[in-house]
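Chemist: Here it is: the structure, laid out below.
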Amino acid sequence: MAFDIDVIKSVYDRMPERVKAARELLGRPLTLSEKILYNHLWENPVSQNFKRGADYVDFAPDRVAMQDATAQMALLQFMQAGRPQAAVPSTVHCDHLITAQNGAEEDLNMANNESKEVYDFLASVSNKYGIGFWKPGAGIIHQVVLENYAFPGGMMIGTDSHTVNAGGLGMIAIGVGGADACDVMAGLPWELKWPKLIGVKLTGKLNGWTAPKDVILKVAGILTVKGGTGAIVEYFGEGVTSMSCTGKGTIANMGAEIGATTSTFGYDDSMERYLRSTGRADVADLANGIREHLTADADVYANPEKYFDEVIEINLNELEPHLNGPFTPDLATPISKMKEVAAANGWPTKVEVGLIGSCTNSSYEDISRAVSLAKQVSEKNLKTKAEFTITPGSEQVRYTIERDGFLDTFDKIGAKVFANACGPCIGMWNRMGAEKQEKNTIVHSFNRNFAKRADGNPNTYAFVGSPELVTALAIAGDLTFNPLTDTLTNENGEQVKLDPPTGDELPSNGFAVEDAGYQAPAEDGSGVKVAVDPSSKRLQLLDPFQAWEGTDLKGMKLLIKAKGKCTTDHISMAGPWLKFRGHLDNISDNMLIGAVNFFNEKTNEVKNQLTGQYGAVPHTQRAYKAAGVGSVVVGDENYGEGSSREHAAMEPRHLGVRAVLVKSFARIHETNLKKQGMLALTFADKSDYDKIQENDNIDIIGLTEFAPGKPLQMVLHHDNGTSETITVNHSYNDQQIEWFKEGGALNIIRKSVR
Ligand code: MIC
Ligand code: SF4
């Protein structure tokens with residue numbers, strides 16, 4: 001039986017009536033996204049036709065998921081909310097803190113030792129507050145959620161940007177910061193700007209070398225890393241129904257890379273098959289009972305341009321395998337063009353390592369298709385040229401692929417199987433020689449490829465592709481190898497061609513697992529003690545942030561004017577820093593160390609205006625804090641792209657940065673800044689970015705009349721004695737202005753507890 005079946009049942013019970021009411025209110029057919037959103041309004045019956053991209057709306061998500069690296073902060077906040085139990089079904093997954101080095105078993109033991117304090121903390125908080133706990137080794141959050149918790153038509157939030165993966169099973173699943181998770185677990189509504197809707201129509205059918213991954217790689221190329229901001233992407237068409245459920249998961253997962261709020265798909269036979277094979281026939285039966293409500297109304301997919309803000313059409317019959325990268329997931333190159341493009345850009349073409357797996361691409365189908373290529377290595381007397389690694393997404397998948405002989409086949413090509421965890425995808429990869437910082441190329445089936453992300457080496461060129469293509473390129477050892485047309489020279493000196501991959505959508509003998517790694521919480525957790533050692537280097541209880549002083553902010557210093565791409569990896573790096581995710585002061589030592597200083601083009605070297613000396617960003621900011629001087633961070637487009645980690649907002653808050661002013665924000669990061677009581681501002685005129693000078697002293701005017709839709713003024717006092725006033729916009733609503741005034745959303749929850 002599925003977990004929390006009563007919750008699923010109640011969502012389905014109320015859905016027909018609420019969908020009908022919404023349809024009547026809007027007076028037109030509904031998209032699937034609208035049906036799910038209207039069914040999860042905090043206040044029902046529905047009374048308002050919400051304006052897309054404008055109205056803030058309160059929702060009641062069905063569940064919350066958290067992974068260890070973000071759960072620590074989420075739960076440290078939740079512990080202050082004064083609730084005996086999480087108000088909705090919630091889970092914690094231990095997946096981000098395991099370093100990939102020697103192979104699954106050894107690496108897992110190492111993590112269990114190294115991170116014992118954190119795991120014990122998470123296990124005891126979970127036990128106390130009625131939260132399901134998935135032990136280290138159980139798998140990556142999104143794969144475990146897809147296998148156990150996701151359900152068509154549901155709505156969930158998760159403290160990880162790839163929570164959107166559950167869209168593959170027809171959910172509206174959204175990545176958030178820990179403070180948002182804290183709200184929902186505390187029984188409060190969850191707020192989101194009513195999203196815009198992008199429709200993607202897939203015609204034709206995937207075939208040969210092309211995989212679901214290529215759909216999203218292509219979409220990323222079209223929409224870019226910010227094209228999906230504020231929008232839900234809804235996929236439909238014959239290409240969708242003929243694709244596996246886990247393939248849909250891959251597409252939804254990587255929707256995070258276009259900044260989309262989430263992506264979703266209508267309920268279909270592939271989802272039913274997946275539910276049944278993962279032990280949830282009960283959910284499939286319930287879903288079948290309301291099938292028509294779990295997809296859009298017929299006219300929507302027949303005339304999509306009438307209902308979506310933007311429609312993209314992709315013909316799968318013609319879609320080529322793609323490789324996206326380096327350094328950004330939206331730089332899409334069809335494999336047939338790679339030779340030319342790599343040469344023109346001087347990208348290193350020798351592939352050193354191919355890595356498959358991760359939360360994005362570790363389904364049974366993915367692995368079986370990759371195996372069909374690995375088998376050809378011995379059959380065709382080839383030799384695998386690059387190193388090859390696999391990170392399975394869950395113990396259930398790992399156990400099943402071992403049983404079915406896939407791991408043996410990989411073993412024969414010298415592959416290393418890492419633990420069921422994030423590993424190399426998030427810099428938890430002890431890659432030999434990375435410290436030499438040599439220019440080199442890797443290919444992987446993950447989703448992100450920002451500089452330094454996998455191995456900490458800024459000169460690693462990482463390209464994202466399907467597991468099939470990654471396997472082929474690892475065999476060839478060459479980025480420009482096009483398996484559709486090119487041959488390889490085998491050990492006998494013959495020219496051989498790889499046959500296109502084949503595989504099974506689901507295991508014909510069913511999934512199996514011995515210990516899935518789940519620990520249920522105590523029925524009554526009130527007696528469970530949660531201890532945090534005050535001298536701990538990894539965990540620190542949170543002190544409330546100070547409330548706003550009630551005046552305009554004057555005499556602040558420019559901390560950094562960041563140039564170009566500034567993702568959450570640049571703001572709060574992962575890899576070795578993950579160990580401080582539960583200790584705000586310690587992790588603040590990585591604040592913005594990856595951001596490029598506009599004025600000297602260097603990372604982690606900014607001018608301290610009090611001394612005139614250049615130093616590390618966190619060090620400089622600590623000096624401002626010690627001197628009681630506020631500061632401002634300036635950034636470029638899509639600032640805070642990538643992760644949901646709220647550390648990227650809490651660190652500047654903790655160290656005394658008062659405002660972040662950028663050309664545009666990524667959604668989750670903007671909300672995280674607001675939640676923590678920071679000022680998240682945008683240039684009214686983007687070219688004003690050029691007016692910011694290195695020695696500027698900065699005032700923010702208008703805060704005493706801070707109101708929705710009303711811009712603020714920023715005065716730039718330049719060091720030549722002149723000053724300029726620029727207009728800065730914000731997207732705060734009344735409630736978010738309260739967060740700012742109180743010094744953070746949590747201070748408001750704290751007050752209501754007292
Ligand atoms: C990521 O893929 O960047 C991460 C690591 O999973 C993050 C979460 C985190 O930083 O802990 C995400 O996607 O939100
Ligand atoms: Fe983990 Fe990578 Fe997935 Fe993030 S994207 S959850 S780091 S596997």
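In the structure tokens, chains take the letters A, B, ... in the order shown, each chain's residues start at 1, and ligands count up from 1 in the order shown.
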Within 8 Å of ligand 2, counting only C-alpha atoms and all ligand atoms: which residues, as a list in words?
Modeler: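 Using only C-alpha atoms and all ligand atoms, I find these residues within 8 Å of ligand 2: Gln67, Asp95, His96, Ile140, Ile141, His142, Asp160, Ser161, His162, Ser358, Cys359, Thr360, Gly393, Ala421, Cys422, Gly423, Pro424, Cys425, Ile426, Phe446, Asn447, Arg448 and Ser643 of chain A.
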Chemist: Quick check for you: according to DSSP on this backbone, which residues of segment 562-733 of chain A are classed as helix (DSSP H, G or I)? Reply as a PyMOL selection string.
Modeler: chain A and resi 568-571+575-580+584-590+617-626+647-655+667-675+686-691+703-705
Chemist: Write out as a PyMOL selection string which residues come within 10 Å of His570 of chain A when counting only C-alpha atoms, dropping same-chain ones fewer than 6 positions away.
Modeler: chain A and resi 450-453+562+590-596+603+639-642+648
Chemist: What's the 10 Å shell around Val7 of chain A, counting only C-alpha atoms, without same-chain residues fewer than 3 positions away, as an mmCIF file with all heavy atoms, in the first residue's frame?
Modeler:
data_model
loop_
_atom_site.group_PDB
_atom_site.id
_atom_site.type_symbol
_atom_site.label_atom_id
_atom_site.label_comp_id
_atom_site.auth_asym_id
_atom_site.auth_seq_id
_atom_site.Cartn_x
_atom_site.Cartn_y
_atom_site.Cartn_z
ATOM 1 N N PHE A 3 2.211 5.017 0.864
ATOM 2 C CA PHE A 3 2.238 5.875 2.049
ATOM 3 C C PHE A 3 1.085 6.888 1.970
ATOM 4 O O PHE A 3 0.747 7.369 0.887
ATOM 5 C CB PHE A 3 3.530 6.701 2.070
ATOM 6 C CG PHE A 3 4.767 5.938 2.433
ATOM 7 C CD1 PHE A 3 5.602 5.411 1.452
ATOM 8 C CD2 PHE A 3 5.117 5.767 3.764
ATOM 9 C CE1 PHE A 3 6.764 4.737 1.786
ATOM 10 C CE2 PHE A 3 6.280 5.084 4.117
ATOM 11 C CZ PHE A 3 7.104 4.572 3.120
ATOM 12 N N ASP A 4 0.525 7.256 3.090
ATOM 13 C CA ASP A 4 -0.423 8.375 3.191
ATOM 14 C C ASP A 4 -1.558 8.303 2.174
ATOM 15 O O ASP A 4 -1.951 9.311 1.572
ATOM 16 C CB ASP A 4 0.324 9.717 3.031
ATOM 17 C CG ASP A 4 1.526 9.807 3.952
ATOM 18 O OD1 ASP A 4 1.343 9.628 5.165
ATOM 19 O OD2 ASP A 4 2.649 10.001 3.461
ATOM 20 N N SER A 10 -8.253 11.913 -0.201
ATOM 21 C CA SER A 10 -9.026 13.144 0.027
ATOM 22 C C SER A 10 -8.770 14.168 -1.089
ATOM 23 O O SER A 10 -9.670 14.927 -1.469
ATOM 24 C CB SER A 10 -8.771 13.704 1.429
ATOM 25 O OG SER A 10 -7.670 14.549 1.421
ATOM 26 N N VAL A 11 -7.548 14.175 -1.639
ATOM 27 C CA VAL A 11 -7.277 15.068 -2.786
ATOM 28 C C VAL A 11 -8.190 14.683 -3.951
ATOM 29 O O VAL A 11 -8.793 15.540 -4.608
ATOM 30 C CB VAL A 11 -5.788 14.974 -3.214
ATOM 31 C CG1 VAL A 11 -5.553 15.716 -4.528
ATOM 32 C CG2 VAL A 11 -4.881 15.529 -2.121
ATOM 33 N N TYR A 12 -8.322 13.381 -4.188
ATOM 34 C CA TYR A 12 -9.126 12.915 -5.326
ATOM 35 C C TYR A 12 -10.625 13.096 -5.068
ATOM 36 O O TYR A 12 -11.384 13.414 -5.984
ATOM 37 C CB TYR A 12 -8.822 11.440 -5.628
ATOM 38 C CG TYR A 12 -7.458 11.221 -6.273
ATOM 39 C CD1 TYR A 12 -7.015 9.945 -6.606
ATOM 40 C CD2 TYR A 12 -6.613 12.290 -6.562
ATOM 41 C CE1 TYR A 12 -5.779 9.737 -7.203
ATOM 42 C CE2 TYR A 12 -5.375 12.096 -7.148
ATOM 43 C CZ TYR A 12 -4.963 10.821 -7.470
ATOM 44 O OH TYR A 12 -3.744 10.619 -8.056
ATOM 45 N N ASP A 13 -11.020 12.905 -3.821
ATOM 46 C CA ASP A 13 -12.446 13.049 -3.502
ATOM 47 C C ASP A 13 -12.955 14.455 -3.805
ATOM 48 O O ASP A 13 -14.064 14.655 -4.267
ATOM 49 C CB ASP A 13 -12.691 12.741 -2.014
ATOM 50 C CG ASP A 13 -12.700 11.240 -1.758
ATOM 51 O OD1 ASP A 13 -12.722 10.469 -2.751
ATOM 52 O OD2 ASP A 13 -12.647 10.830 -0.573
ATOM 53 N N ASP A 62 0.171 19.046 -0.360
ATOM 54 C CA ASP A 62 -0.143 17.776 0.310
ATOM 55 C C ASP A 62 1.018 17.235 1.118
ATOM 56 O O ASP A 62 0.815 16.465 2.041
ATOM 57 C CB ASP A 62 -0.506 16.707 -0.746
ATOM 58 C CG ASP A 62 -1.636 17.162 -1.633
ATOM 59 O OD1 ASP A 62 -2.608 17.718 -1.084
ATOM 60 O OD2 ASP A 62 -1.545 16.986 -2.873
ATOM 61 N N ARG A 63 2.241 17.581 0.695
ATOM 62 C CA ARG A 63 3.368 17.038 1.453
ATOM 63 C C ARG A 63 4.625 17.891 1.276
ATOM 64 O O ARG A 63 4.686 18.770 0.418
ATOM 65 C CB ARG A 63 3.646 15.577 1.110
ATOM 66 C CG ARG A 63 3.834 15.201 -0.347
ATOM 67 C CD ARG A 63 4.023 13.672 -0.474
ATOM 68 N NE ARG A 63 4.885 13.183 0.558
ATOM 69 C CZ ARG A 63 4.544 12.231 1.450
ATOM 70 N NH1 ARG A 63 3.395 11.639 1.365
ATOM 71 N NH2 ARG A 63 5.386 11.866 2.387
ATOM 72 N N VAL A 88 1.722 18.388 7.742
ATOM 73 C CA VAL A 88 1.430 17.555 6.565
ATOM 74 C C VAL A 88 2.485 16.452 6.495
ATOM 75 O O VAL A 88 3.567 16.596 7.076
ATOM 76 C CB VAL A 88 1.441 18.373 5.244
ATOM 77 C CG1 VAL A 88 0.443 19.520 5.280
ATOM 78 C CG2 VAL A 88 2.842 18.899 4.939
ATOM 79 N N PRO A 89 2.201 15.343 5.803
ATOM 80 C CA PRO A 89 3.205 14.278 5.700
ATOM 81 C C PRO A 89 4.516 14.833 5.137
ATOM 82 O O PRO A 89 4.507 15.532 4.120
ATOM 83 C CB PRO A 89 2.568 13.289 4.712
ATOM 84 C CG PRO A 89 1.105 13.572 4.741
ATOM 85 C CD PRO A 89 0.958 15.022 5.071
ATOM 86 N N GLY A 154 -1.333 15.588 -7.414
ATOM 87 C CA GLY A 154 -0.958 16.073 -6.079
ATOM 88 C C GLY A 154 -0.142 17.348 -6.162
ATOM 89 O O GLY A 154 0.282 17.784 -7.233
#
Chemist: Can you tell me, as an MDAnalysis selection string, what residues are no more than 10 Å from segment 367-382 of chain A when counting only C-alpha atoms, ignoring any on the same chain fewer than 3 positions away?
Modeler: chainID A and resid 209 211 356:357 361:364 385 390 392 397:398 401 404:413 415 466:472 474:476 488:507
Chemist: Could you tell me, as number ranges by chain, which residues of segment 7-183 of chain A DSSP assigns to strand (DSSP E) when given the backbone?
Modeler: A: 56-59, 63-67, 90-93, 132-134, 155-159, 172-175
Chemist: So that I have them on file, write out the residues from the current selection with C-alpha atoms, as an mmCIF file, in the first residue's frame.
Modeler:
data_model
loop_
_atom_site.group_PDB
_atom_site.id
_atom_site.type_symbol
_atom_site.label_atom_id
_atom_site.label_comp_id
_atom_site.auth_asym_id
_atom_site.auth_seq_id
_atom_site.Cartn_x
_atom_site.Cartn_y
_atom_site.Cartn_z
ATOM 1 C CA TYR A 56 0.116 36.036 -4.958
ATOM 2 C CA VAL A 57 -1.990 33.062 -3.931
ATOM 3 C CA ASP A 58 -2.029 30.834 -0.831
ATOM 4 C CA PHE A 59 -1.874 27.078 -1.344
ATOM 5 C CA ARG A 63 3.368 17.038 1.453
ATOM 6 C CA VAL A 64 6.921 18.260 2.073
ATOM 7 C CA ALA A 65 10.229 16.608 1.197
ATOM 8 C CA MET A 66 13.647 17.688 2.447
ATOM 9 C CA GLN A 67 17.152 16.475 1.723
ATOM 10 C CA SER A 90 6.896 15.103 5.434
ATOM 11 C CA THR A 91 10.129 13.235 4.803
ATOM 12 C CA VAL A 92 13.880 13.721 5.157
ATOM 13 C CA HIS A 93 16.342 12.057 2.765
ATOM 14 C CA GLY A 132 9.626 9.925 7.706
ATOM 15 C CA PHE A 133 13.392 9.416 7.600
ATOM 16 C CA TRP A 134 15.333 7.857 4.736
ATOM 17 C CA MET A 155 0.912 19.156 -4.929
ATOM 18 C CA MET A 156 4.102 19.088 -2.946
ATOM 19 C CA ILE A 157 6.984 21.330 -2.032
ATOM 20 C CA GLY A 158 10.539 20.266 -1.317
ATOM 21 C CA THR A 159 13.707 21.916 -0.114
ATOM 22 C CA ILE A 172 2.743 20.030 -9.239
ATOM 23 C CA ALA A 173 5.968 19.697 -7.275
ATOM 24 C CA ILE A 174 7.922 22.822 -6.451
ATOM 25 C CA GLY A 175 11.368 23.541 -5.048
#
Chemist: Looking at A:Thr349, A:Asn449, A:Asn109, A:Gln519, which one is nearest to ligand 1, with distances taken over only C-alpha atoms and all ligand atoms?
Modeler: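 With only C-alpha atoms and all ligand atoms as the atom set, the closest residue is A:Asn449.
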Chemist: Counting only C-alpha atoms, which residue out of A:Ala287, A:Ala74, A:Ile692, A:Ala296 sits closest to Ile36 of chain A?
Modeler: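 That would be A:Ala296, the residue with the smallest distance to Ile36 of chain A.
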Chemist: Given the choices A:Gly630, A:Gly477, A:Gly721, A:Gly427, which gets closest to ligand 1 if the distance is worked out from only C-alpha atoms and all ligand atoms?
Modeler: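 Of A:Gly630, A:Gly477, A:Gly721, A:Gly427, the one nearest ligand 1, counting only C-alpha atoms and all ligand atoms, is A:Gly427.
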Chemist: Here is a test: counting only C-alpha atoms, which residue of A:Gly187, A:Gly103, A:Pro136, A:Gly266 is nearest to Lys35 of chain A?
Modeler: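 Smallest distance to Lys35 of chain A is found for A:Gly266.
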Chemist: Could you please determine the separation between atom CA of Glu514 of chain A and atom CA of Asp269 of chain A in Å, to one decimal place?
Modeler: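 We find that atom CA of Glu514 of chain A and atom CA of Asp269 of chain A lie 28.1 Å from each other.
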Chemist: For ligand 1, which residue among A:Asp68, A:Glu742, A:Glu387, A:Glu24 is the nearest when counting only C-alpha atoms and all ligand atoms?
Modeler: A:Asp68
